[in-house]
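The file structure28.txt comes next; it holds compact mmCIF, C-alpha atoms and all ligand atoms.
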```txt
# COMPACT_ATOMS: atom_id res chain seq x y z
CA MET Z 1 8.45 -25.42 26.68
CA PHE Z 2 9.98 -28.11 24.44
CA ASN Z 3 12.55 -26.80 21.94
CA PHE Z 4 11.15 -27.92 18.56
CA PRO Z 5 13.07 -27.40 15.32
CA GLU Z 6 11.86 -24.22 13.57
CA GLU Z 7 9.56 -26.08 11.17
CA LEU Z 8 7.67 -27.67 14.06
CA ASN Z 9 7.35 -24.57 16.22
CA PHE Z 10 3.65 -24.41 15.41
CA LEU Z 11 3.18 -27.29 17.84
CA ASN Z 12 4.29 -24.94 20.62
CA SER Z 13 2.33 -22.00 19.23
CA ALA Z 14 -0.88 -24.01 19.33
CA LYS Z 15 -0.54 -24.29 23.10
CA GLN Z 16 -0.01 -20.56 23.76
CA PRO Z 17 -2.84 -18.50 25.24
CA ILE Z 18 -4.86 -16.62 22.64
CA LEU Z 19 -4.84 -12.88 23.25
CA LYS Z 20 -8.16 -11.10 23.57
CA THR Z 21 -9.02 -7.58 22.49
CA SER Z 22 -9.19 -5.01 25.28
CA LEU Z 23 -11.77 -2.98 23.34
CA ASP Z 24 -15.55 -3.10 23.69
CA THR Z 25 -16.15 -1.13 20.54
CA PHE Z 26 -14.37 -0.96 17.20
CA GLU Z 27 -16.33 1.38 14.97
CA LYS Z 28 -14.04 0.93 11.98
CA THR Z 29 -14.84 0.02 8.40
CA ILE Z 30 -13.95 -3.61 7.84
CA VAL Z 31 -14.14 -5.55 4.60
CA LEU Z 32 -14.45 -9.27 5.33
CA THR Z 33 -14.64 -12.03 2.72
CA GLY Z 34 -16.25 -15.42 3.39
CA ALA Z 35 -18.55 -14.14 6.14
CA THR Z 36 -21.33 -16.67 5.58
CA SER Z 37 -19.77 -19.66 7.29
CA GLY Z 38 -17.18 -20.84 9.79
CA ILE Z 39 -14.47 -18.44 10.91
CA GLY Z 40 -15.74 -15.54 8.78
CA TYR Z 41 -19.27 -15.85 10.11
CA VAL Z 42 -18.20 -15.86 13.78
CA THR Z 43 -15.78 -12.98 13.13
CA ALA Z 44 -18.55 -10.94 11.47
CA THR Z 45 -20.96 -11.46 14.35
CA GLU Z 46 -18.30 -10.66 16.98
CA LEU Z 47 -17.31 -7.48 15.11
CA ALA Z 48 -20.99 -6.57 14.87
CA LYS Z 49 -21.20 -6.66 18.67
CA MET Z 50 -18.33 -4.13 18.65
CA HIS Z 51 -20.40 -1.79 16.41
CA ALA Z 52 -18.13 -2.14 13.38
CA HIS Z 53 -19.10 -0.91 9.92
CA LEU Z 54 -19.05 -4.15 7.95
CA ILE Z 55 -18.71 -4.76 4.24
CA LEU Z 56 -19.22 -8.49 3.78
CA VAL Z 57 -18.29 -10.31 0.59
CA ALA Z 58 -20.25 -13.50 -0.04
CA ARG Z 59 -21.13 -15.70 -3.00
CA ASP Z 60 -24.61 -16.68 -1.82
CA PRO Z 61 -27.12 -13.79 -1.63
CA LEU Z 62 -29.51 -15.62 0.71
CA LYS Z 63 -26.81 -16.53 3.22
CA ALA Z 64 -25.45 -12.97 2.95
CA ALA Z 65 -28.86 -11.45 3.71
CA LYS Z 66 -29.19 -13.70 6.76
CA VAL Z 67 -25.76 -12.74 8.14
CA LYS Z 68 -26.48 -9.07 7.42
CA ALA Z 69 -29.73 -9.15 9.42
CA GLU Z 70 -28.00 -10.96 12.27
CA CYS Z 71 -25.10 -8.49 12.36
CA LEU Z 72 -27.46 -5.49 12.37
CA ASN Z 73 -29.39 -7.11 15.18
CA LEU Z 74 -26.19 -7.61 17.17
CA GLY Z 75 -25.25 -3.93 16.95
CA ALA Z 76 -23.21 -3.41 13.77
CA SER Z 77 -23.11 0.30 12.87
CA SER Z 78 -23.76 -0.62 9.25
CA VAL Z 79 -23.65 -3.73 7.08
CA GLU Z 80 -23.30 -3.88 3.30
CA CYS Z 81 -23.07 -7.11 1.33
CA VAL Z 82 -21.31 -7.55 -1.98
CA ILE Z 83 -22.06 -10.74 -3.89
CA ALA Z 84 -19.25 -12.37 -5.85
CA ASP Z 85 -17.75 -15.74 -6.64
CA LEU Z 86 -14.22 -14.78 -5.67
CA SER Z 87 -12.67 -17.72 -7.52
CA VAL Z 88 -13.55 -15.91 -10.75
CA VAL Z 89 -11.02 -13.17 -11.46
CA SER Z 90 -13.53 -10.96 -13.31
CA GLN Z 91 -15.99 -11.20 -10.39
CA ALA Z 92 -13.27 -10.39 -7.84
CA LYS Z 93 -12.50 -7.26 -9.88
CA THR Z 94 -16.15 -6.18 -10.09
CA CYS Z 95 -16.48 -6.87 -6.38
CA ALA Z 96 -13.61 -4.45 -5.64
CA GLN Z 97 -15.21 -1.76 -7.82
CA THR Z 98 -18.51 -2.20 -5.96
CA ILE Z 99 -16.78 -1.95 -2.58
CA LEU Z 100 -15.17 1.33 -3.70
CA THR Z 101 -18.63 2.75 -4.35
CA LEU Z 102 -19.62 1.81 -0.78
CA SER Z 103 -16.58 3.16 1.05
CA SER Z 104 -13.60 5.36 0.32
CA HIS Z 105 -11.99 4.65 3.70
CA ILE Z 106 -11.29 1.02 4.58
CA ASP Z 107 -9.57 0.47 7.93
CA VAL Z 108 -9.24 -3.31 7.84
CA LEU Z 109 -9.38 -5.75 4.94
CA ILE Z 110 -9.68 -9.39 6.01
CA HIS Z 111 -9.12 -12.00 3.31
CA ASN Z 112 -10.85 -14.98 4.86
CA ALA Z 113 -12.77 -16.77 2.06
CA GLY Z 114 -10.94 -19.96 1.26
CA MET Z 115 -11.34 -23.58 0.28
CA HIS Z 116 -9.69 -26.99 0.08
CA SER Z 117 -10.46 -29.37 -2.74
CA THR Z 118 -9.37 -33.01 -3.08
CA LYS Z 119 -9.99 -32.86 -6.84
CA ARG Z 120 -8.43 -30.59 -9.46
CA ARG Z 121 -11.08 -28.24 -10.80
CA LEU Z 122 -10.70 -25.31 -13.15
CA THR Z 123 -12.77 -22.14 -13.09
CA SER Z 124 -14.58 -20.89 -16.21
CA GLU Z 125 -11.49 -18.72 -16.77
CA GLY Z 126 -9.13 -21.73 -16.68
CA HIS Z 127 -7.57 -21.16 -13.24
CA GLU Z 128 -7.23 -23.92 -10.64
CA VAL Z 129 -10.08 -23.09 -8.30
CA VAL Z 130 -8.25 -23.29 -4.94
CA PHE Z 131 -5.36 -21.16 -6.18
CA ALA Z 132 -7.79 -18.65 -7.70
CA LEU Z 133 -9.88 -18.28 -4.54
CA ASN Z 134 -7.12 -18.47 -1.93
CA HIS Z 135 -4.45 -16.50 -3.77
CA TYR Z 136 -5.69 -14.49 -6.78
CA ALA Z 137 -8.77 -13.07 -5.04
CA PRO Z 138 -6.86 -11.53 -2.07
CA LEU Z 139 -4.25 -10.20 -4.49
CA ILE Z 140 -6.87 -8.58 -6.72
CA LEU Z 141 -8.92 -7.10 -3.88
CA THR Z 142 -5.85 -5.68 -2.14
CA HIS Z 143 -4.68 -4.01 -5.35
CA LEU Z 144 -8.01 -2.66 -6.54
CA LEU Z 145 -9.05 -1.45 -3.09
CA MET Z 146 -5.82 0.54 -2.72
CA PRO Z 147 -7.62 3.88 -3.36
CA ALA Z 148 -9.65 3.29 -0.16
CA LEU Z 149 -6.76 2.13 2.00
CA HIS Z 150 -5.02 4.75 4.14
CA PRO Z 151 -1.79 5.00 6.17
CA SER Z 152 -3.15 3.02 9.10
CA SER Z 153 -5.05 0.39 7.11
CA HIS Z 154 -4.37 -3.22 7.98
CA VAL Z 155 -4.71 -6.10 5.54
CA LEU Z 156 -4.97 -9.50 7.21
CA LEU Z 157 -4.64 -12.77 5.31
CA ILE Z 158 -6.31 -15.74 6.91
CA ASN Z 159 -3.58 -18.13 5.94
CA SER Z 160 -2.84 -21.59 7.33
CA GLU Z 161 -0.18 -23.83 8.77
CA GLY Z 162 -1.19 -25.83 5.67
CA HIS Z 163 1.21 -23.57 3.72
CA ARG Z 164 3.86 -26.01 4.99
CA PHE Z 165 2.58 -28.59 2.45
CA ASN Z 166 4.05 -26.25 -0.17
CA GLY Z 167 3.13 -27.60 -3.64
CA LEU Z 168 3.92 -24.31 -5.39
CA ASN Z 169 5.39 -24.73 -8.86
CA MET Z 170 5.45 -21.52 -10.86
CA ASN Z 171 5.65 -23.48 -14.10
CA ASP Z 172 2.48 -25.38 -13.30
CA LEU Z 173 0.05 -23.20 -11.34
CA THR Z 174 -2.95 -25.11 -12.73
CA TRP Z 175 -1.59 -28.59 -11.91
CA LYS Z 176 -1.67 -29.65 -15.55
CA LYS Z 177 1.74 -31.36 -15.41
CA ARG Z 178 1.65 -32.88 -11.91
CA VAL Z 179 -0.48 -35.25 -9.89
CA TYR Z 180 -2.93 -33.05 -7.99
CA THR Z 181 -3.43 -33.56 -4.28
CA GLY Z 182 -5.71 -31.49 -2.07
CA LEU Z 183 -3.09 -30.82 0.60
CA ARG Z 184 -0.39 -29.76 -1.85
CA SER Z 185 -2.76 -27.55 -3.82
CA TYR Z 186 -3.97 -25.91 -0.59
CA GLY Z 187 -0.31 -25.55 0.47
CA ALA Z 188 0.54 -23.94 -2.88
CA SER Z 189 -2.23 -21.36 -2.56
CA LYS Z 190 -1.36 -20.42 1.03
CA THR Z 191 2.38 -20.29 0.18
CA ALA Z 192 1.57 -17.98 -2.72
CA GLN Z 193 -0.37 -15.69 -0.34
CA LEU Z 194 2.64 -15.48 1.97
CA LEU Z 195 5.18 -14.89 -0.81
CA CYS Z 196 3.11 -12.10 -2.36
CA MET Z 197 2.62 -10.58 1.10
CA ILE Z 198 6.41 -10.10 1.30
CA GLU Z 199 6.62 -8.43 -2.09
CA MET Z 200 3.56 -6.22 -1.51
CA ASN Z 201 4.78 -5.11 1.92
CA GLN Z 202 8.08 -4.12 0.37
CA ARG Z 203 6.28 -2.01 -2.21
CA LEU Z 204 3.93 -0.51 0.42
CA VAL Z 205 6.62 0.37 2.94
CA ASP Z 206 6.24 4.16 2.46
CA THR Z 207 2.44 4.12 2.59
CA GLY Z 208 1.86 2.98 6.18
CA ILE Z 209 -0.42 0.17 4.96
CA VAL Z 210 0.62 -3.17 6.46
CA ILE Z 211 -0.16 -6.74 5.46
CA ASN Z 212 0.03 -9.60 7.95
CA ALA Z 213 -1.05 -13.22 7.94
CA MET Z 214 -2.37 -15.65 10.52
CA HIS Z 215 -3.26 -19.29 11.06
CA PRO Z 216 -6.73 -19.26 12.68
CA GLY Z 217 -6.31 -22.59 14.50
CA ASP Z 218 -7.65 -25.97 13.49
CA VAL Z 219 -11.34 -25.33 13.99
CA LYS Z 220 -14.66 -26.93 13.12
CA THR Z 221 -16.14 -25.19 10.07
CA HIS Z 222 -17.47 -26.14 6.65
CA ILE Z 223 -14.08 -26.22 5.01
CA GLY Z 224 -13.67 -29.33 2.85
CA GLN Z 225 -17.39 -30.12 2.86
CA ASN Z 226 -17.45 -29.50 -0.90
CA ASN Z 227 -15.43 -32.72 -1.30
CA GLY Z 228 -16.66 -36.29 -1.93
CA THR Z 229 -18.43 -38.67 0.47
CA LEU Z 230 -15.23 -40.52 1.41
CA TYR Z 231 -13.42 -37.32 2.38
CA ARG Z 232 -16.44 -36.07 4.34
CA LEU Z 233 -16.74 -39.38 6.18
CA PHE Z 234 -13.01 -39.40 6.98
CA SER Z 235 -13.27 -35.78 8.14
CA LYS Z 236 -16.36 -36.47 10.28
CA LEU Z 237 -14.87 -39.50 11.99
CA LEU Z 238 -11.22 -38.58 12.33
CA ILE Z 239 -10.60 -34.88 11.83
CA GLN Z 240 -13.64 -33.07 13.18
CA PRO Z 241 -13.60 -34.58 16.70
CA THR Z 242 -10.15 -33.01 17.22
CA LEU Z 243 -11.13 -29.56 15.98
CA LYS Z 244 -11.72 -26.50 18.13
CA ASP Z 245 -14.42 -23.82 18.22
CA PRO Z 246 -14.15 -21.09 15.53
CA HIS Z 247 -14.85 -18.50 18.25
CA GLN Z 248 -11.16 -18.96 19.11
CA SER Z 249 -10.23 -17.94 15.58
CA ALA Z 250 -12.48 -14.88 15.72
CA GLN Z 251 -11.00 -13.93 19.09
CA ALA Z 252 -7.50 -14.09 17.59
CA ILE Z 253 -8.44 -12.19 14.42
CA ILE Z 254 -10.08 -9.42 16.43
CA ALA Z 255 -7.12 -9.25 18.83
CA ILE Z 256 -4.72 -8.88 15.89
CA ILE Z 257 -6.66 -6.08 14.20
CA THR Z 258 -7.45 -4.13 17.37
CA THR Z 259 -4.21 -4.43 19.36
CA PRO Z 260 -1.64 -1.84 18.17
CA SER Z 261 1.36 -4.00 19.13
CA LEU Z 262 0.05 -6.84 16.91
CA ALA Z 263 -1.46 -4.76 14.12
CA SER Z 264 1.65 -2.62 13.65
CA HIS Z 265 3.78 -5.50 12.41
CA ARG Z 266 4.51 -6.04 8.73
CA ASN Z 267 4.95 -9.54 7.25
CA ALA Z 268 4.00 -11.15 10.57
CA PHE Z 269 2.72 -14.72 10.60
CA TYR Z 270 0.59 -15.37 13.67
CA HIS Z 271 -0.58 -18.75 14.92
CA TYR Z 272 -3.74 -17.48 16.58
CA THR Z 273 -2.00 -14.46 18.23
CA THR Z 274 1.46 -16.01 18.70
CA LEU Z 275 4.13 -14.65 16.39
CA GLU Z 276 5.69 -17.51 14.45
CA VAL Z 277 8.15 -18.04 11.60
CA CYS Z 278 6.46 -19.41 8.51
CA ALA Z 279 8.12 -22.13 6.41
CA LYS Z 280 11.37 -21.33 4.63
CA HIS Z 281 9.85 -21.86 1.17
CA ALA Z 282 7.34 -19.09 1.96
CA ARG Z 283 10.08 -16.59 2.87
CA ASN Z 284 12.15 -16.74 -0.32
CA GLU Z 285 12.37 -13.12 -1.54
CA ALA Z 286 13.47 -13.93 -5.09
CA LYS Z 287 10.56 -16.35 -5.45
CA ALA Z 288 8.23 -13.76 -3.91
CA GLN Z 289 9.18 -11.19 -6.52
CA ALA Z 290 8.82 -13.63 -9.42
CA LEU Z 291 5.48 -15.00 -8.24
CA TYR Z 292 4.12 -11.52 -7.58
CA THR Z 293 4.99 -10.38 -11.11
CA LEU Z 294 3.53 -13.55 -12.62
CA SER Z 295 0.33 -13.35 -10.53
CA CYS Z 296 -0.26 -9.71 -11.50
CA GLU Z 297 0.22 -10.66 -15.16
CA ILE Z 298 -2.20 -13.59 -14.91
CA CYS Z 299 -4.83 -11.48 -13.14
CA ASP Z 300 -4.12 -8.52 -15.40
CA ILE Z 301 -3.67 -6.03 -12.58
CA GLN Z 302 -1.17 -3.20 -12.29
CA PRO Z 303 1.65 -4.15 -9.88
CA LEU Z 304 2.19 -1.74 -6.99
CA SER Z 305 5.04 0.70 -7.64
CA LYS Z 306 8.40 -0.63 -6.67
CA ILE Z 307 10.39 1.32 -4.12
CA GLU Z 308 14.06 1.32 -5.18
N1 LIG B 1 -11.08 -24.36 9.62
C1 LIG B 1 -9.80 -24.48 9.85
O1 LIG B 1 -9.35 -25.33 10.67
C2 LIG B 1 -8.81 -23.62 9.13
C3 LIG B 1 -7.44 -23.82 9.38
C4 LIG B 1 -6.51 -23.01 8.74
C5 LIG B 1 -6.95 -22.02 7.88
N2 LIG B 1 -8.29 -21.85 7.61
C6 LIG B 1 -8.67 -20.78 6.67
O2 LIG B 1 -9.73 -20.04 7.23
C7 LIG B 1 -10.50 -19.43 6.18
C8 LIG B 1 -11.98 -19.64 6.45
O3 LIG B 1 -12.28 -21.02 6.34
P1 LIG B 1 -13.35 -21.78 7.21
O4 LIG B 1 -12.63 -22.89 7.88
O5 LIG B 1 -14.16 -20.84 8.01
O6 LIG B 1 -14.21 -22.45 6.05
P2 LIG B 1 -15.76 -22.39 5.66
O7 LIG B 1 -16.63 -22.65 6.84
O8 LIG B 1 -15.89 -23.30 4.49
O9 LIG B 1 -15.95 -20.88 5.18
C9 LIG B 1 -15.41 -20.43 3.97
C10 LIG B 1 -16.08 -19.14 3.55
O10 LIG B 1 -15.56 -18.78 2.24
C11 LIG B 1 -16.68 -18.63 1.35
N3 LIG B 1 -16.35 -19.01 -0.01
C12 LIG B 1 -15.99 -20.26 -0.44
N4 LIG B 1 -15.81 -20.24 -1.77
C13 LIG B 1 -16.08 -18.98 -2.19
C14 LIG B 1 -16.09 -18.35 -3.45
N5 LIG B 1 -15.80 -19.02 -4.57
N6 LIG B 1 -16.39 -17.02 -3.52
C15 LIG B 1 -16.70 -16.34 -2.39
N7 LIG B 1 -16.73 -16.87 -1.17
C16 LIG B 1 -16.41 -18.19 -1.07
C17 LIG B 1 -17.76 -19.55 1.91
O11 LIG B 1 -19.02 -19.20 1.39
P3 LIG B 1 -20.28 -20.23 1.48
O12 LIG B 1 -20.88 -20.02 2.84
O13 LIG B 1 -21.16 -19.79 0.38
O14 LIG B 1 -19.74 -21.63 1.31
C18 LIG B 1 -17.59 -19.28 3.40
O15 LIG B 1 -18.22 -18.08 3.76
C19 LIG B 1 -10.01 -20.07 4.88
O16 LIG B 1 -9.15 -19.18 4.22
C20 LIG B 1 -9.24 -21.29 5.35
O17 LIG B 1 -8.23 -21.66 4.45
C21 LIG B 1 -9.22 -22.65 8.21
```

The structure in this file should be written as structure tokens.
Ligand SMILES: NC(=O)c1ccc[n+]([C@@H]2O[C@H](COP(=O)([O-])OP(=O)(O)OC[C@H]3O[C@@H](n4cnc5c(N)ncnc54)[C@H](OP(=O)(O)O)[C@@H]3O)[C@@H](O)[C@H]2O)c1
Amino acid sequence: MFNFPEELNFLNSAKQPILKTSLDTFEKTIVLTGATSGIGYVTATELAKMHAHLILVARDPLKAAKVKAECLNLGASSVECVIADLSVVSQAKTCAQTILTLSSHIDVLIHNAGMHSTKRRLTSEGHEVVFALNHYAPLILTHLLMPALHPSSHVLLINSEGHRFNGLNMNDLTWKKRVYTGLRSYGASKTAQLLCMIEMNQRLVDTGIVINAMHPGDVKTHIGQNNGTLYRLFSKLLIQPTLKDPHQSAQAIIAIITTPSLASHRNAFYHYTTLEVCAKHARNEAKAQALYTLSCEICDIQPLSKIE
């Protein structure tokens, strides 16, 4: 194996074999966001085959109904759908309240819904849409679903090697003062996820609840298809032919949540199922604390109690 500098280790990780679950069944309660397309869709259907109890969060009721029927057909023990546009803070909050009425015992919470936008767009609440969906929504759901999480609950962030593009500026989370680029905005949102993971794990250390993150591979999905014709053409001709099958991502996600040696970590960053060190800017504890406090303020949620 070639000895890459730390920041390029993901090139090695991408070549490692992807672990596979040893279980045939996993009858746990799993909340999964973004289950109507790509990685989330394949993960939902694979978990259905393992007889999981699924709570799927989706923004499109018709797509959700279709995935629900498919999952039930494949053997899911139960499937509930909660409809929400997770880029809207108020909807993410209502979504969490609805989930609490459906289950008081969540074993696994998978934050998968995500997007990449080449243009700066603000939500109706004034947040930059990528940051709101990729960072605020997981933060809100994790906090508000706390009453249903238990000492062996696992929260998994579907993050990205794209966090290496960074772009996080705590004085300009809406990109009002800087030139917006899709890669840097995506990098900012995924960096924010990782920083807040550190701070939340620190606060959760006595509870048994763990939060980990993973890069699901570079796989062919609908991500980026919300962008303009030029981007979609570029993606179709140059990016998509190099992309892999999202079944690989689902295999890795399921291995992480079902394999005790992988699921018992805290603050892990997996590339598929290979443990990796995320970028230095996403490991800064002082920045993690400041961003966590700021994000809770912006979303108007109660920070988790601090363990002194
Ligand atoms: N594909 C890759 O190579 C890759 C690489 C690294 C990381 N990731 C990460 O993997 C995750 C899944 O992405 P994907 O590649 O599977 O993309 P995808 O095919 O576009 O799926 C994204 C999912 O998120 C949902 N979603 C989008 N906006 C939403 C909103 N405002 N509210 C609620 N749900 C929303 C989508 O719903 P609709 O079906 O209604 O659009 C869809 O179910 C993302 O977090 C992404 O950053 C992907």

Which one is closest to ligand LIG 1 (chain B): Z:His154, Z:Lys287, Z:Lys63, Z:His265? Count all atoms listed in the file.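 The shortest atom-to-atom distance to ligand LIG 1 (chain B) comes from Z:Lys63.
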
What gap, in Å, lies between CA of Thr45 in chain Z and CA of Cys71 in chain Z?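 Separation of CA of Thr45 in chain Z and CA of Cys71 in chain Z: 5.5 Å.
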
So that I can check the surroundings of range 4-12 of chain Z, please list as a ChimeraX atom specification every protein, DNA and RNA residue that reaches within 8 Å of it, counting all atoms listed in the file and ignoring chain neighbours fewer than 6 positions away. /Z:161,271,276-279

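If you measure from each of Z:Ala192, Z:Ala35, Z:Leu122, Z:Leu168 to ligand LIG 1 (chain B) using only C-alpha atoms and all ligand atoms, the closest one turns out to be Z:Ala35.
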
When distances are computed from all atoms listed in the file, which of Z:Ala14, Z:Ala137, Z:Ala263, Z:Ala48 shows the smallest separation from ligand LIG 1 (chain B)?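 Among Z:Ala14, Z:Ala137, Z:Ala263, Z:Ala48, it is Z:Ala137 that comes nearest to ligand LIG 1 (chain B).
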
For Asp60 in chain Z: contacts at 9 Å, all atoms listed in the file, fewer than 4 positions along chain excluded, given as a PyMOL selection string: chain Z and resi 36+64-65+83-85

Given only C-alpha atoms and all ligand atoms, how would the per-residue table for chain Z near ligand LIG 1 (chain B) read, listing every residue at most 6 Å away with its closest atom pair and distance in Å to one decimal, sorted by chain and number, as CSV?
```
residue,atom,partner,partner_atom,distance
Z:Gly34,CA,B:LIG1,O15,3.3
Z:Ala35,CA,B:LIG1,O15,4.6
Z:Thr36,CA,B:LIG1,O15,3.9
Z:Ser37,CA,B:LIG1,O15,4.2
Z:Gly38,CA,B:LIG1,O7,3.5
Z:Ile39,CA,B:LIG1,O5,3.8
Z:Gly40,CA,B:LIG1,O5,5.6
Z:Ala58,CA,B:LIG1,N7,5.0
Z:Arg59,CA,B:LIG1,C15,4.5
Z:Asp60,CA,B:LIG1,O13,5.1
Z:Ala84,CA,B:LIG1,C15,5.9
Z:Asp85,CA,B:LIG1,N6,3.6
Z:Leu86,CA,B:LIG1,N6,3.8
Z:Ser87,CA,B:LIG1,N5,4.5
Z:Asn112,CA,B:LIG1,O16,4.6
Z:Ala113,CA,B:LIG1,O10,3.4
Z:Gly114,CA,B:LIG1,O16,3.5
Z:Met115,CA,B:LIG1,O17,5.5
Z:Leu133,CA,B:LIG1,N5,6.0
Z:Ile158,CA,B:LIG1,O16,5.2
Z:Asn159,CA,B:LIG1,C5,5.5
Z:Ser160,CA,B:LIG1,C5,4.2
Z:His215,CA,B:LIG1,C4,5.5
Z:Pro216,CA,B:LIG1,C4,5.4
Z:Gly217,CA,B:LIG1,C3,5.4
Z:Asp218,CA,B:LIG1,O1,3.4
Z:Val219,CA,B:LIG1,O1,3.9
Z:Lys220,CA,B:LIG1,N1,5.6
Z:Thr221,CA,B:LIG1,O7,4.1
Z:His222,CA,B:LIG1,O7,3.6
Z:Ile223,CA,B:LIG1,O8,3.5
```

Please supply range 6-21 of chain Z, rebuilt with N, CA, C and O atoms, as an mmCIF file, in the frame of the given file.
```
data_model
loop_
_atom_site.group_PDB
_atom_site.id
_atom_site.type_symbol
_atom_site.label_atom_id
_atom_site.label_comp_id
_atom_site.auth_asym_id
_atom_site.auth_seq_id
_atom_site.Cartn_x
_atom_site.Cartn_y
_atom_site.Cartn_z
ATOM 1 N N GLU Z 6 12.671 -25.351 14.063
ATOM 2 C CA GLU Z 6 11.860 -24.220 13.570
ATOM 3 C C GLU Z 6 10.587 -24.652 12.847
ATOM 4 O O GLU Z 6 9.511 -24.120 13.075
ATOM 5 N N GLU Z 7 10.703 -25.661 11.985
ATOM 6 C CA GLU Z 7 9.560 -26.080 11.170
ATOM 7 C C GLU Z 7 8.413 -26.691 11.998
ATOM 8 O O GLU Z 7 7.311 -26.847 11.517
ATOM 9 N N LEU Z 8 8.727 -27.062 13.231
ATOM 10 C CA LEU Z 8 7.670 -27.670 14.060
ATOM 11 C C LEU Z 8 7.215 -26.749 15.191
ATOM 12 O O LEU Z 8 6.445 -27.151 16.057
ATOM 13 N N ASN Z 9 7.684 -25.502 15.139
ATOM 14 C CA ASN Z 9 7.350 -24.570 16.220
ATOM 15 C C ASN Z 9 5.851 -24.348 16.395
ATOM 16 O O ASN Z 9 5.392 -23.962 17.464
ATOM 17 N N PHE Z 10 5.093 -24.614 15.308
ATOM 18 C CA PHE Z 10 3.650 -24.410 15.410
ATOM 19 C C PHE Z 10 3.022 -25.312 16.474
ATOM 20 O O PHE Z 10 1.967 -24.995 17.018
ATOM 21 N N LEU Z 11 3.716 -26.406 16.795
ATOM 22 C CA LEU Z 11 3.180 -27.290 17.840
ATOM 23 C C LEU Z 11 3.201 -26.576 19.194
ATOM 24 O O LEU Z 11 2.290 -26.729 20.005
ATOM 25 N N ASN Z 12 4.234 -25.768 19.402
ATOM 26 C CA ASN Z 12 4.290 -24.940 20.620
ATOM 27 C C ASN Z 12 3.271 -23.802 20.550
ATOM 28 O O ASN Z 12 2.575 -23.509 21.522
ATOM 29 N N SER Z 13 3.223 -23.162 19.376
ATOM 30 C CA SER Z 13 2.330 -22.000 19.230
ATOM 31 C C SER Z 13 0.894 -22.369 19.542
ATOM 32 O O SER Z 13 0.146 -21.584 20.138
ATOM 33 N N ALA Z 14 0.503 -23.591 19.144
ATOM 34 C CA ALA Z 14 -0.880 -24.010 19.330
ATOM 35 C C ALA Z 14 -1.260 -24.077 20.803
ATOM 36 O O ALA Z 14 -2.440 -24.031 21.156
ATOM 37 N N LYS Z 15 -0.253 -24.172 21.661
ATOM 38 C CA LYS Z 15 -0.540 -24.290 23.100
ATOM 39 C C LYS Z 15 -0.519 -22.938 23.811
ATOM 40 O O LYS Z 15 -0.802 -22.858 25.003
ATOM 41 N N GLN Z 16 -0.111 -21.889 23.111
ATOM 42 C CA GLN Z 16 -0.010 -20.560 23.760
ATOM 43 C C GLN Z 16 -1.398 -19.967 23.976
ATOM 44 O O GLN Z 16 -2.315 -20.226 23.187
ATOM 45 N N PRO Z 17 -1.535 -19.143 25.024
ATOM 46 C CA PRO Z 17 -2.840 -18.500 25.240
ATOM 47 C C PRO Z 17 -3.180 -17.560 24.072
ATOM 48 O O PRO Z 17 -2.270 -16.958 23.493
ATOM 49 N N ILE Z 18 -4.443 -17.506 23.745
ATOM 50 C CA ILE Z 18 -4.860 -16.620 22.640
ATOM 51 C C ILE Z 18 -5.210 -15.263 23.232
ATOM 52 O O ILE Z 18 -6.047 -15.173 24.146
ATOM 53 N N LEU Z 19 -4.565 -14.211 22.710
ATOM 54 C CA LEU Z 19 -4.840 -12.880 23.250
ATOM 55 C C LEU Z 19 -6.276 -12.477 22.909
ATOM 56 O O LEU Z 19 -6.860 -12.957 21.939
ATOM 57 N N LYS Z 20 -6.777 -11.566 23.734
ATOM 58 C CA LYS Z 20 -8.160 -11.100 23.570
ATOM 59 C C LYS Z 20 -8.129 -9.583 23.418
ATOM 60 O O LYS Z 20 -7.281 -8.938 24.057
ATOM 61 N N THR Z 21 -9.005 -9.032 22.620
ATOM 62 C CA THR Z 21 -9.020 -7.580 22.490
ATOM 63 C C THR Z 21 -9.369 -6.932 23.833
ATOM 64 O O THR Z 21 -10.139 -7.484 24.624
#
```
